[in-house]
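The next block is model-v3.csv, given as CSV, C-alpha atoms and all ligand atoms.
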```csv
chain,number,residue,atom,x,y,z
O,1,MET,CA,223.4,143.8,317.4
O,2,ASP,CA,224.1,146.7,315.0
O,3,SER,CA,227.8,147.4,314.3
O,4,ILE,CA,229.1,150.9,315.1
O,5,PHE,CA,231.2,150.6,311.9
O,6,ASN,CA,227.9,150.9,309.9
O,7,TYR,CA,227.4,154.6,310.8
O,8,THR,CA,228.6,157.8,309.2
O,9,LEU,CA,229.5,160.4,311.7
O,10,GLU,CA,226.4,162.4,310.9
O,11,GLU,CA,224.2,159.3,311.5
O,12,LEU,CA,225.9,158.7,314.8
O,13,GLU,CA,225.4,162.3,315.9
O,14,ILE,CA,221.6,161.9,315.2
O,15,LYS,CA,221.4,158.6,317.2
O,16,PHE,CA,223.3,160.2,320.1
O,17,THR,CA,221.2,163.4,320.3
O,18,GLN,CA,218.0,161.3,320.0
O,19,ASN,CA,219.3,159.4,323.1
O,20,ASN,CA,220.1,162.6,325.1
O,21,PHE,CA,223.8,162.5,324.4
O,22,LYS,CA,225.7,165.3,322.7
O,23,LYS,CA,226.7,165.6,319.1
O,24,PHE,CA,230.4,166.0,320.1
O,25,ASN,CA,230.2,162.6,321.8
O,26,ALA,CA,229.9,161.0,318.4
O,27,HIS,CA,233.1,162.8,317.4
O,28,GLN,CA,234.8,161.4,320.5
O,29,VAL,CA,233.7,157.9,319.8
O,30,TYR,CA,234.8,158.2,316.1
O,31,ASP,CA,238.2,159.4,317.3
O,32,TRP,CA,238.6,156.5,319.7
O,33,ILE,CA,237.7,154.0,317.0
O,34,TYR,CA,239.3,155.3,313.9
O,35,LYS,CA,242.2,157.4,315.1
O,36,LYS,CA,243.2,155.6,318.2
O,37,GLU,CA,242.0,152.1,317.1
O,38,THR,CA,240.5,151.5,320.5
O,39,LEU,CA,237.9,148.8,320.2
O,40,ASP,CA,236.7,148.6,323.8
O,41,TYR,CA,234.2,151.1,325.1
O,42,ASN,CA,235.6,150.7,328.6
O,43,LEU,CA,238.9,152.2,327.5
O,44,MET,CA,237.3,155.4,326.0
O,45,SER,CA,238.4,157.5,329.0
O,46,ASN,CA,236.7,160.8,328.1
O,47,ILE,CA,233.2,159.5,327.7
O,48,SER,CA,230.6,159.1,330.5
O,49,LYS,CA,229.5,155.9,332.1
O,50,ASP,CA,226.0,156.3,330.7
O,51,LEU,CA,227.3,156.7,327.2
O,52,LYS,CA,229.5,153.6,327.6
O,53,GLN,CA,226.5,151.6,328.7
O,54,TYR,CA,224.4,152.9,325.8
O,55,LEU,CA,227.1,152.0,323.4
O,56,LYS,CA,227.6,148.5,324.9
O,57,ASP,CA,223.8,147.9,324.7
O,58,ASN,CA,223.4,149.0,321.1
O,59,TYR,CA,226.5,148.9,319.0
O,60,SER,CA,228.9,146.0,318.4
O,61,LEU,CA,232.7,146.6,317.9
O,62,SER,CA,233.4,143.2,316.6
O,63,LEU,CA,235.8,142.6,313.8
O,64,PRO,CA,236.0,139.6,311.4
O,65,LYS,CA,238.5,136.9,312.0
O,66,ILE,CA,241.7,136.5,310.0
O,67,ILE,CA,241.6,132.9,308.7
O,68,ILE,CA,244.6,133.1,306.5
O,69,LYS,CA,247.4,135.6,306.2
O,70,GLU,CA,250.1,135.2,303.6
O,71,ILE,CA,253.0,137.6,303.2
O,72,SER,CA,254.9,137.7,299.9
O,73,LYS,CA,258.5,138.6,299.3
O,74,ASP,CA,257.5,142.1,298.1
O,75,SER,CA,255.7,142.5,301.5
O,76,THR,CA,252.2,142.3,300.0
O,77,VAL,CA,249.8,140.8,302.6
O,78,LYS,CA,246.9,138.7,301.5
O,79,TYR,CA,244.2,138.1,304.1
O,80,LEU,CA,241.2,135.8,304.1
O,81,PHE,CA,238.6,137.2,306.6
O,82,GLU,CA,235.7,135.3,308.1
O,83,PHE,CA,232.5,137.0,309.2
O,84,ASN,CA,230.0,135.8,311.9
O,85,ASP,CA,227.9,133.9,309.4
O,86,ASN,CA,231.1,132.0,308.2
O,87,SER,CA,231.2,134.0,305.0
O,88,LYS,CA,234.8,134.4,303.8
O,89,VAL,CA,236.2,137.2,301.7
O,90,GLU,CA,239.7,138.4,300.7
O,91,GLY,CA,241.6,141.6,301.2
O,92,VAL,CA,245.0,142.5,300.1
O,93,LEU,CA,247.4,145.1,301.6
O,94,MET,CA,250.0,146.5,299.3
O,95,HIS,CA,253.0,148.7,299.8
O,96,HIS,CA,253.8,151.4,297.3
O,97,PRO,CA,256.2,154.4,297.2
O,98,TYR,CA,253.2,156.7,297.7
O,99,GLY,CA,251.6,154.8,300.7
O,100,THR,CA,249.8,151.7,301.7
O,101,SER,CA,246.8,150.5,299.8
O,102,PHE,CA,244.1,148.0,300.7
O,103,CYS,CA,242.1,146.1,298.1
O,104,VAL,CA,238.6,145.4,299.6
O,105,SER,CA,236.0,143.0,298.5
O,106,SER,CA,232.4,144.1,298.1
O,107,GLN,CA,230.4,140.9,297.9
O,108,VAL,CA,230.7,137.3,299.0
O,109,GLY,CA,231.3,135.6,295.6
O,110,CYS,CA,230.3,137.3,292.4
O,111,ASN,CA,227.6,136.8,289.8
O,112,MET,CA,229.4,138.5,286.9
O,113,GLY,CA,231.0,135.3,285.7
O,114,CYS,CA,234.1,136.8,284.1
O,115,THR,CA,235.7,133.8,282.5
O,116,PHE,CA,239.3,134.5,283.7
O,117,CYS,CA,238.4,135.3,287.4
O,118,ALA,CA,238.8,133.0,290.4
O,119,SER,CA,236.3,135.1,292.4
O,120,GLY,CA,233.6,134.5,289.8
O,121,LEU,CA,233.9,130.7,290.3
O,122,LYS,CA,231.7,131.1,293.4
O,123,LYS,CA,228.3,132.6,292.8
O,124,LYS,CA,227.4,135.5,295.0
O,125,THR,CA,225.8,134.5,298.3
O,126,ARG,CA,225.3,138.0,299.6
O,127,ASP,CA,226.4,141.6,299.5
O,128,LEU,CA,228.8,142.9,302.1
O,129,GLU,CA,227.4,145.5,304.4
O,130,PRO,CA,229.3,148.8,304.9
O,131,TYR,CA,230.5,147.8,308.4
O,132,GLU,CA,232.0,144.6,307.0
O,133,MET,CA,234.1,146.6,304.4
O,134,VAL,CA,235.1,149.1,307.0
O,135,SER,CA,236.0,146.5,309.5
O,136,MET,CA,238.3,144.7,307.1
O,137,ILE,CA,240.3,147.9,306.7
O,138,LEU,CA,240.4,148.6,310.4
O,139,LEU,CA,241.5,145.1,311.2
O,140,SER,CA,244.3,145.0,308.6
O,141,SER,CA,245.4,148.5,309.8
O,142,ILE,CA,245.6,147.2,313.3
O,143,ASP,CA,247.2,143.9,312.3
O,144,SER,CA,249.9,145.6,310.1
O,145,ALA,CA,250.3,148.6,312.4
O,146,GLU,CA,250.2,150.7,309.4
O,147,ARG,CA,248.1,153.6,308.2
O,148,ILE,CA,246.2,152.6,305.1
O,149,SER,CA,246.2,155.7,302.8
O,150,HIS,CA,244.6,154.3,299.7
O,151,ILE,CA,241.6,152.0,299.0
O,152,VAL,CA,240.8,150.1,295.9
O,153,ILE,CA,237.4,148.5,295.7
O,154,MET,CA,238.6,145.7,293.4
O,155,GLY,CA,238.4,142.5,295.3
O,156,THR,CA,235.7,139.9,295.1
O,157,GLY,CA,232.4,141.1,293.8
O,158,GLU,CA,231.0,143.8,291.6
O,159,PRO,CA,230.8,147.0,293.7
O,160,LEU,CA,228.2,148.6,291.5
O,161,ASP,CA,226.0,145.6,292.0
O,162,ASN,CA,226.1,146.5,295.7
O,163,TYR,CA,225.7,150.2,295.1
O,164,ASP,CA,224.1,151.6,298.2
O,165,ASN,CA,226.3,149.7,300.6
O,166,VAL,CA,229.5,150.7,298.7
O,167,VAL,CA,228.5,154.4,298.6
O,168,LYS,CA,227.9,154.4,302.3
O,169,PHE,CA,231.2,152.6,302.9
O,170,ILE,CA,233.0,155.3,300.9
O,171,LYS,CA,231.3,158.0,303.0
O,172,ILE,CA,232.4,156.3,306.3
O,173,ILE,CA,236.1,155.8,305.3
O,174,ASN,CA,236.3,159.3,303.8
O,175,SER,CA,235.3,161.1,307.0
O,176,PRO,CA,238.1,163.4,308.2
O,177,LYS,CA,237.1,162.5,311.7
O,178,GLY,CA,237.4,158.8,310.9
O,179,LEU,CA,239.8,156.8,308.7
O,180,GLU,CA,240.3,160.0,306.6
O,181,ILE,CA,241.0,158.2,303.4
O,182,GLY,CA,241.0,161.0,300.8
O,183,ILE,CA,238.4,160.8,298.1
O,184,ARG,CA,241.2,160.9,295.4
O,185,HIS,CA,242.8,157.9,297.1
O,186,ILE,CA,239.7,155.7,296.6
O,187,THR,CA,239.3,153.8,293.4
O,188,LEU,CA,236.3,151.8,292.4
O,189,SER,CA,236.7,149.2,289.7
O,190,THR,CA,233.7,148.0,287.8
O,191,SER,CA,233.0,145.5,285.1
O,192,GLY,CA,230.6,148.1,283.6
O,193,ILE,CA,227.2,148.3,285.3
O,194,VAL,CA,226.3,151.3,283.2
O,195,PRO,CA,223.3,152.8,285.0
O,196,ASN,CA,225.2,152.9,288.3
O,197,ILE,CA,228.2,154.6,286.6
O,198,TYR,CA,225.8,157.5,285.9
O,199,LYS,CA,224.4,157.4,289.4
O,200,LEU,CA,228.0,157.5,290.8
O,201,ALA,CA,228.8,160.4,288.5
O,202,ASP,CA,225.8,162.3,289.8
O,203,LEU,CA,226.9,161.9,293.4
O,204,ASN,CA,230.0,163.8,292.3
O,205,PHE,CA,232.2,162.2,295.0
O,206,GLY,CA,235.2,162.4,292.6
O,207,ILE,CA,236.6,158.9,293.4
O,208,ASN,CA,238.7,157.3,290.7
O,209,LEU,CA,236.8,155.1,288.4
O,210,ALA,CA,238.4,152.1,286.8
O,211,ILE,CA,236.7,150.0,284.1
O,212,SER,CA,237.6,146.3,283.7
O,213,LEU,CA,237.7,146.4,279.9
O,214,HIS,CA,240.0,143.6,278.9
O,215,ALA,CA,238.9,143.7,275.2
O,216,PRO,CA,238.3,146.5,272.7
O,217,THR,CA,235.6,144.7,270.7
O,218,ASN,CA,232.2,143.5,271.8
O,219,GLU,CA,232.8,140.2,270.2
O,220,LEU,CA,235.8,139.4,272.3
O,221,ARG,CA,234.6,141.1,275.4
O,222,SER,CA,231.3,139.2,275.5
O,223,LYS,CA,233.4,136.0,275.4
O,224,LEU,CA,235.5,137.1,278.4
O,225,MET,CA,232.8,139.0,280.3
O,226,PRO,CA,229.1,138.0,280.0
O,227,ILE,CA,228.1,141.5,281.4
O,228,ASN,CA,229.1,142.8,278.0
O,229,LYS,CA,225.9,141.3,276.6
O,230,ALA,CA,223.9,143.6,278.8
O,231,TYR,CA,226.1,146.7,278.5
O,232,ARG,CA,228.0,147.2,275.3
O,233,ILE,CA,231.4,148.9,275.1
O,234,SER,CA,229.8,152.0,273.4
O,235,ASP,CA,227.4,152.3,276.5
O,236,ILE,CA,230.4,152.2,278.8
O,237,ILE,CA,232.3,154.8,276.8
O,238,GLU,CA,229.3,157.1,276.9
O,239,ALA,CA,229.0,156.6,280.7
O,240,VAL,CA,232.6,157.3,281.4
O,241,LYS,CA,232.5,160.4,279.3
O,242,TYR,CA,229.7,161.6,281.5
O,243,TYR,CA,231.6,160.5,284.6
O,244,PHE,CA,234.5,162.7,283.5
O,245,GLU,CA,232.3,165.6,282.7
O,246,LYS,CA,230.8,165.5,286.1
O,247,THR,CA,233.8,164.8,288.2
O,248,GLY,CA,236.9,165.8,286.1
O,249,ARG,CA,238.5,162.5,287.1
O,250,ARG,CA,240.5,160.7,284.5
O,251,ILE,CA,239.2,157.2,283.8
O,252,THR,CA,241.4,154.1,284.1
O,253,PHE,CA,240.8,151.1,281.8
O,254,GLU,CA,242.1,147.8,283.2
O,255,TYR,CA,243.3,145.4,280.6
O,256,LEU,CA,244.4,142.0,281.6
O,257,LEU,CA,247.0,140.6,279.1
O,258,LEU,CA,246.0,137.0,278.1
O,259,GLU,CA,248.3,135.2,275.8
O,260,GLY,CA,246.9,134.7,272.3
O,261,VAL,CA,243.5,136.0,273.4
O,262,ASN,CA,243.6,139.8,273.5
O,263,ASP,CA,247.3,140.7,273.3
O,264,SER,CA,247.9,141.1,269.6
O,265,ARG,CA,249.0,144.3,267.9
O,266,LEU,CA,245.6,144.3,266.1
O,267,TYR,CA,243.9,144.5,269.5
O,268,ALA,CA,246.3,147.2,270.7
O,269,ASP,CA,245.3,149.2,267.6
O,270,LYS,CA,241.6,148.6,268.2
O,271,LEU,CA,242.0,149.7,271.8
O,272,ALA,CA,243.8,152.8,270.7
O,273,ASP,CA,241.0,153.6,268.3
O,274,LEU,CA,238.4,153.1,271.0
O,275,LEU,CA,240.2,155.4,273.6
O,276,SER,CA,241.7,158.1,271.4
O,277,GLY,CA,240.5,161.5,272.5
O,278,LEU,CA,239.2,160.2,275.8
O,279,ASN,CA,240.8,161.5,279.0
O,280,SER,CA,241.9,158.1,280.3
O,281,TYR,CA,244.8,155.8,280.8
O,282,VAL,CA,245.2,152.1,280.3
O,283,ASN,CA,246.6,149.9,283.0
O,284,LEU,CA,248.0,146.7,281.5
O,285,ILE,CA,247.8,143.9,284.0
O,286,PRO,CA,249.8,140.6,283.9
O,287,TYR,CA,247.5,137.6,284.4
O,288,ASN,CA,247.8,135.5,287.5
O,289,HIS,CA,247.2,131.9,286.4
O,290,VAL,CA,244.1,130.3,287.8
O,291,GLU,CA,244.2,126.5,287.9
O,292,GLU,CA,240.6,126.1,286.7
O,293,PHE,CA,241.1,128.1,283.5
O,294,SER,CA,243.3,127.6,280.5
O,295,TYR,CA,244.3,131.2,280.1
O,296,LYS,CA,247.9,132.1,280.3
O,297,ALA,CA,249.7,135.3,281.0
O,298,SER,CA,251.1,137.1,277.9
O,299,THR,CA,254.8,136.8,277.5
O,300,SER,CA,257.0,139.7,278.4
O,301,LYS,CA,257.6,140.3,274.7
O,302,SER,CA,254.0,140.5,273.7
O,303,SER,CA,253.2,142.6,276.8
O,304,LEU,CA,255.9,145.1,275.8
O,305,ASP,CA,254.8,145.1,272.2
O,306,PHE,CA,251.3,145.8,273.3
O,307,TYR,CA,252.5,148.6,275.6
O,308,ASP,CA,254.7,150.1,272.9
O,309,GLN,CA,251.9,150.1,270.3
O,310,LEU,CA,249.6,152.0,272.6
O,311,LYS,CA,252.3,154.5,273.5
O,312,LYS,CA,253.0,155.0,269.8
O,313,ARG,CA,249.3,155.7,269.3
O,314,GLY,CA,249.4,158.4,272.0
O,315,ILE,CA,247.5,156.4,274.7
O,316,ASN,CA,248.6,156.9,278.3
O,317,VAL,CA,249.5,153.5,279.5
O,318,THR,CA,251.3,151.7,282.3
O,319,LEU,CA,252.3,148.1,282.5
O,320,ARG,CA,251.6,147.0,286.1
O,321,HIS,CA,254.0,144.9,288.1
O,322,LYS,CA,252.7,141.8,289.6
O,323,MET,CA,252.4,142.1,293.3
O,324,GLY,CA,252.4,139.2,295.8
O,325,ASP,CA,253.3,137.0,292.9
O,326,ASP,CA,255.2,134.4,294.9
O,327,ILE,CA,252.3,133.6,297.1
O,328,ASP,CA,250.4,133.2,293.9
O,329,ALA,CA,246.9,133.9,295.2
O,330,ALA,CA,245.1,135.8,292.6
O,331,CYS,CA,241.9,137.4,293.8
O,332,GLY,CA,239.5,134.6,294.7
O,333,GLN,CA,242.1,131.9,295.1
O,334,LEU,CA,242.5,132.1,298.9
O,335,ARG,CA,238.8,131.6,299.3
O,336,SER,CA,238.7,128.7,296.8
O,337,LYS,CA,241.6,127.1,298.7
O,338,VAL,CA,239.8,127.1,302.0
O,339,ASN,CA,236.4,126.1,300.5
E,401,LIG,S1,236.5,140.1,287.6
E,401,LIG,FE1,235.3,141.2,289.2
E,401,LIG,S2,233.2,141.3,288.3
E,401,LIG,FE2,234.3,139.8,287.1
E,401,LIG,S3,233.8,137.8,288.1
E,401,LIG,FE3,235.7,138.6,289.1
E,401,LIG,S4,235.1,139.7,290.9
E,401,LIG,FE4,233.3,139.5,289.5
```
Go ahead and express the file in the form of structure tokens.
Ligand code: SF4
Amino acid sequence: MDSIFNYTLEELEIKFTQNNFKKFNAHQVYDWIYKKETLDYNLMSNISKDLKQYLKDNYSLSLPKIIIKEISKDSTVKYLFEFNDNSKVEGVLMHHPYGTSFCVSSQVGCNMGCTFCASGLKKKTRDLEPYEMVSMILLSSIDSAERISHIVIMGTGEPLDNYDNVVKFIKIINSPKGLEIGIRHITLSTSGIVPNIYKLADLNFGINLAISLHAPTNELRSKLMPINKAYRISDIIEAVKYYFEKTGRRITFEYLLLEGVNDSRLYADKLADLLSGLNSYVNLIPYNHVEEFSYKASTSKSSLDFYDQLKKRGINVTLRHKMGDDIDAACGQLRSKVN
């Protein structure tokens, strides 16, 4: 049976009117599900018996199961969800001064093969459907009894390799009648699927775009991220300029600091050369060690030196704190543990 979480409000209105119900019934149902978190048609007290029956016959309200839930000292919650076909994906709930964010996965496994990433150890078995991404948010919001105000599409998978489903997912969670997650509170992180950056720019949603860059030269980036052989750094820079022109949104560049690999002053200078004049900022990320790989996190000293050098060169930069560090489950690791 189709999931009700797969529908935008407009699509549900059409379905309802085609079946002799009223448009506003779709608003009522959206309100019960997303505002009141009522996941039982029988409890939707202001809708007719006929509509309840129609809904029961046609649209499932089922959520994934939570297989693992780990809470770190800093209150970050890491979930491993399981769907009906036994596919397992992760999601992470994080608390910030500005609200609660949820990091959502977009695929089961990932084909991009980034050499530092635990998620990439398992090849993609399938894309996630919009309802699956929506239902992870709904479930973690119910489970934590918190309103999720920000979404980062940064978990397992390459979201721009699942473009149509991710775009629909964004439309569903952004609906003011639904989860009402502001477009400026949604961030999509990509390894750089250039043609779909242009497509996303043309949609002009205005979501935040983050590029997993991790190296300022093609030579090094191709070693870390095989996708760089298909789309070069210069292609990405052109695409993000276009994204900025279309949406006015500043671009984030994610840069994982790997000891002795990409954290020298030389690389900081090359990164500054690459990004100077671009409306962007760099997010330096400490590496979470993954057993299968030999990479190590940069020392605090090299991280700070790298940060200082970018600052000196006039680049907007932040050095991210590790979140959920004590439960040490970098993206992809919960899933590997269970598998
Ligand atoms: S970093 Fe992202 S794109 Fe790269 S393998 Fe991991 S999940 Fe895939």
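The closest residue to Ala118 in chain O, picked from O:Ala272, O:Ile207, O:Ile137, O:Val290 and counting all atoms listed in the file, is O:Val290.
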_Within 9 Å of Leu138 in chain O using all atoms listed in the file, minus same-chain residues under 5 positions, as a VMD selection string_ = chain O and resid 33 to 34 37 63 133 143 148 179
*At most 8 Å from ligand LIG 401 (chain E) (only C-alpha atoms and all ligand atoms): residue list as an NGL selection string*: :O and (109-121 or 154-158 or 190-191 or 212 or 225 or 331-332)
*asked:* Residues within 9 Å of (238.2, 163.0, 287.3), file coordinates, counting all atoms listed in the file: what are they? Give the list as a PyMOL selection string.
replied: chain O and resi 184+206-209+243-251+279
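With all atoms listed in the file as the basis for measurement, O:Ile186 is the residue among O:Met1, O:Ile186, O:Ile71, O:Cys103 that approaches Lys171 in chain O most closely.
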_Gap from CA of Lys123 in chain O to CA of Ser106 in chain O - Å, one decimal_ = 13.3 Å
Determine the axis-aligned bounding box of all atoms of range 173-176 of chain O present in the file, pad each side by 8 Å, and express its centre and edge lengths in Å to one decimal place as lines of an AutoDock Vina configuration file.
```
center_x = 236.7
center_y = 159.6
center_z = 306.0
size_x = 18.8
size_y = 23.6
size_z = 20.4
```
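Taking only C-alpha atoms into account, Asp161 in chain O lies nearest to O:Ile197 out of the set O:Ile197, O:Val104, O:Ala210, O:Leu12.
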*Please indicate the distance in Å from CA of Leu319 in chain O to CA of Tyr307 in chain O, rounded to one decimal place.*
6.9 Å
*Measure the distance from CA of Pro130 in chain O to CA of Phe169 in chain O in Å and round it to one decimal.*
4.7 Å
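Among the candidates O:Ser135, O:Ser140, O:Ser280, O:Ser62, the residue lying nearest to Leu93 in chain O is O:Ser140 (atoms considered: all atoms listed in the file).
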*If we count all atoms listed in the file, what is near Ile236 in chain O at a cut-off of 8 Å, once residues fewer than 5 positions away on the same chain are taken out, given as a PyMOL selection string?*
chain O and resi 192+194+231
*If you count all atoms listed in the file, which residues fall within 12 Å of Glu132 in chain O, apart from same-chain ones fewer than 2 positions away, as a PyMOL selection string?*
chain O and resi 2-7+60-65+81-85+87-91+104-108+126-130+134-139+165-166+168-169+172
Output file for the selection above: C-alpha atoms, as a CSV table (one decimal), in the frame of the given file:
```csv
chain,number,residue,atom,x,y,z
O,2,ASP,CA,224.1,146.7,315.0
O,3,SER,CA,227.8,147.4,314.3
O,4,ILE,CA,229.1,150.9,315.1
O,5,PHE,CA,231.2,150.6,311.9
O,6,ASN,CA,227.9,150.9,309.9
O,7,TYR,CA,227.4,154.6,310.8
O,60,SER,CA,228.9,146.0,318.4
O,61,LEU,CA,232.7,146.6,317.9
O,62,SER,CA,233.4,143.2,316.6
O,63,LEU,CA,235.8,142.6,313.8
O,64,PRO,CA,236.0,139.6,311.4
O,65,LYS,CA,238.5,136.9,312.0
O,81,PHE,CA,238.6,137.2,306.6
O,82,GLU,CA,235.7,135.3,308.1
O,83,PHE,CA,232.5,137.0,309.2
O,84,ASN,CA,230.0,135.8,311.9
O,85,ASP,CA,227.9,133.9,309.4
O,87,SER,CA,231.2,134.0,305.0
O,88,LYS,CA,234.8,134.4,303.8
O,89,VAL,CA,236.2,137.2,301.7
O,90,GLU,CA,239.7,138.4,300.7
O,91,GLY,CA,241.6,141.6,301.2
O,104,VAL,CA,238.6,145.4,299.6
O,105,SER,CA,236.0,143.0,298.5
O,106,SER,CA,232.4,144.1,298.1
O,107,GLN,CA,230.4,140.9,297.9
O,108,VAL,CA,230.7,137.3,299.0
O,126,ARG,CA,225.3,138.0,299.6
O,127,ASP,CA,226.4,141.6,299.5
O,128,LEU,CA,228.8,142.9,302.1
O,129,GLU,CA,227.4,145.5,304.4
O,130,PRO,CA,229.3,148.8,304.9
O,134,VAL,CA,235.1,149.1,307.0
O,135,SER,CA,236.0,146.5,309.5
O,136,MET,CA,238.3,144.7,307.1
O,137,ILE,CA,240.3,147.9,306.7
O,138,LEU,CA,240.4,148.6,310.4
O,139,LEU,CA,241.5,145.1,311.2
O,165,ASN,CA,226.3,149.7,300.6
O,166,VAL,CA,229.5,150.7,298.7
O,168,LYS,CA,227.9,154.4,302.3
O,169,PHE,CA,231.2,152.6,302.9
O,172,ILE,CA,232.4,156.3,306.3
```
_Ile193 in chain O environment, 12 Å, all atoms listed in the file, sequence neighbours closer than 4 positions dropped, as a PyMOL selection string_ = chain O and resi 112+158-163+189+197-200+210-213+225-233+235-237+239-240
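Distances from O:Ile47, O:Ile151, O:Ile14, O:Leu203 to Asn174 in chain O were compared using all atoms listed in the file, and the smallest one belongs to O:Ile151.
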*Could you name the residues that touch Lys270 in chain O at 9 Å or less, counting all atoms listed in the file, but leaving out those on the same chain fewer than 3 positions away, as a list in words?*
Ala215, Pro216, Thr217, Arg265, Leu266, Tyr267, Asp273, Leu274 and Leu275 of chain O
Could I get range 63-80 of chain O rebuilt with N, CA and C atoms, written as a PDB file, in the frame of the given file?
```pdb
ATOM      1  N   LEU O  63     235.061 142.616 315.035  1.00  0.00           N
ATOM      2  CA  LEU O  63     235.800 142.600 313.800  1.00  0.00           C
ATOM      3  C   LEU O  63     235.676 141.151 313.198  1.00  0.00           C
ATOM      4  N   PRO O  64     235.905 140.995 311.896  1.00  0.00           N
ATOM      5  CA  PRO O  64     236.000 139.600 311.400  1.00  0.00           C
ATOM      6  C   PRO O  64     237.212 138.912 311.908  1.00  0.00           C
ATOM      7  N   LYS O  65     237.281 137.611 311.647  1.00  0.00           N
ATOM      8  CA  LYS O  65     238.500 136.900 312.000  1.00  0.00           C
ATOM      9  C   LYS O  65     239.427 136.786 310.830  1.00  0.00           C
ATOM     10  N   ILE O  66     240.719 136.732 311.093  1.00  0.00           N
ATOM     11  CA  ILE O  66     241.700 136.500 310.000  1.00  0.00           C
ATOM     12  C   ILE O  66     241.890 134.966 309.952  1.00  0.00           C
ATOM     13  N   ILE O  67     241.475 134.351 308.848  1.00  0.00           N
ATOM     14  CA  ILE O  67     241.600 132.900 308.700  1.00  0.00           C
ATOM     15  C   ILE O  67     242.933 132.519 308.079  1.00  0.00           C
ATOM     16  N   ILE O  68     243.331 133.326 307.088  1.00  0.00           N
ATOM     17  CA  ILE O  68     244.600 133.100 306.500  1.00  0.00           C
ATOM     18  C   ILE O  68     245.315 134.450 306.292  1.00  0.00           C
ATOM     19  N   LYS O  69     246.619 134.444 306.507  1.00  0.00           N
ATOM     20  CA  LYS O  69     247.400 135.600 306.200  1.00  0.00           C
ATOM     21  C   LYS O  69     248.686 135.171 305.548  1.00  0.00           C
ATOM     22  N   GLU O  70     248.910 135.624 304.332  1.00  0.00           N
ATOM     23  CA  GLU O  70     250.100 135.200 303.600  1.00  0.00           C
ATOM     24  C   GLU O  70     250.894 136.487 303.241  1.00  0.00           C
ATOM     25  N   ILE O  71     252.199 136.437 303.483  1.00  0.00           N
ATOM     26  CA  ILE O  71     253.000 137.600 303.200  1.00  0.00           C
ATOM     27  C   ILE O  71     253.996 137.244 302.060  1.00  0.00           C
ATOM     28  N   SER O  72     253.990 138.023 300.999  1.00  0.00           N
ATOM     29  CA  SER O  72     254.900 137.700 299.900  1.00  0.00           C
ATOM     30  C   SER O  72     256.235 138.374 300.078  1.00  0.00           C
ATOM     31  N   LYS O  73     257.168 138.022 299.196  1.00  0.00           N
ATOM     32  CA  LYS O  73     258.500 138.600 299.300  1.00  0.00           C
ATOM     33  C   LYS O  73     258.504 140.111 299.125  1.00  0.00           C
ATOM     34  N   ASP O  74     257.576 140.597 298.307  1.00  0.00           N
ATOM     35  CA  ASP O  74     257.500 142.100 298.100  1.00  0.00           C
ATOM     36  C   ASP O  74     256.670 142.735 299.189  1.00  0.00           C
ATOM     37  N   SER O  75     256.382 142.007 300.260  1.00  0.00           N
ATOM     38  CA  SER O  75     255.700 142.500 301.500  1.00  0.00           C
ATOM     39  C   SER O  75     254.169 142.710 301.262  1.00  0.00           C
ATOM     40  N   THR O  76     253.626 142.245 300.141  1.00  0.00           N
ATOM     41  CA  THR O  76     252.200 142.300 300.000  1.00  0.00           C
ATOM     42  C   THR O  76     251.555 141.271 300.957  1.00  0.00           C
ATOM     43  N   VAL O  77     250.471 141.676 301.603  1.00  0.00           N
ATOM     44  CA  VAL O  77     249.800 140.800 302.600  1.00  0.00           C
ATOM     45  C   VAL O  77     248.448 140.409 302.065  1.00  0.00           C
ATOM     46  N   LYS O  78     248.194 139.125 301.946  1.00  0.00           N
ATOM     47  CA  LYS O  78     246.900 138.700 301.500  1.00  0.00           C
ATOM     48  C   LYS O  78     246.144 138.068 302.691  1.00  0.00           C
ATOM     49  N   TYR O  79     244.951 138.579 302.930  1.00  0.00           N
ATOM     50  CA  TYR O  79     244.200 138.100 304.100  1.00  0.00           C
ATOM     51  C   TYR O  79     242.927 137.353 303.550  1.00  0.00           C
ATOM     52  N   LEU O  80     242.537 136.353 304.311  1.00  0.00           N
ATOM     53  CA  LEU O  80     241.200 135.800 304.100  1.00  0.00           C
ATOM     54  C   LEU O  80     240.464 136.057 305.450  1.00  0.00           C
TER      55      LEU O  80
END
```
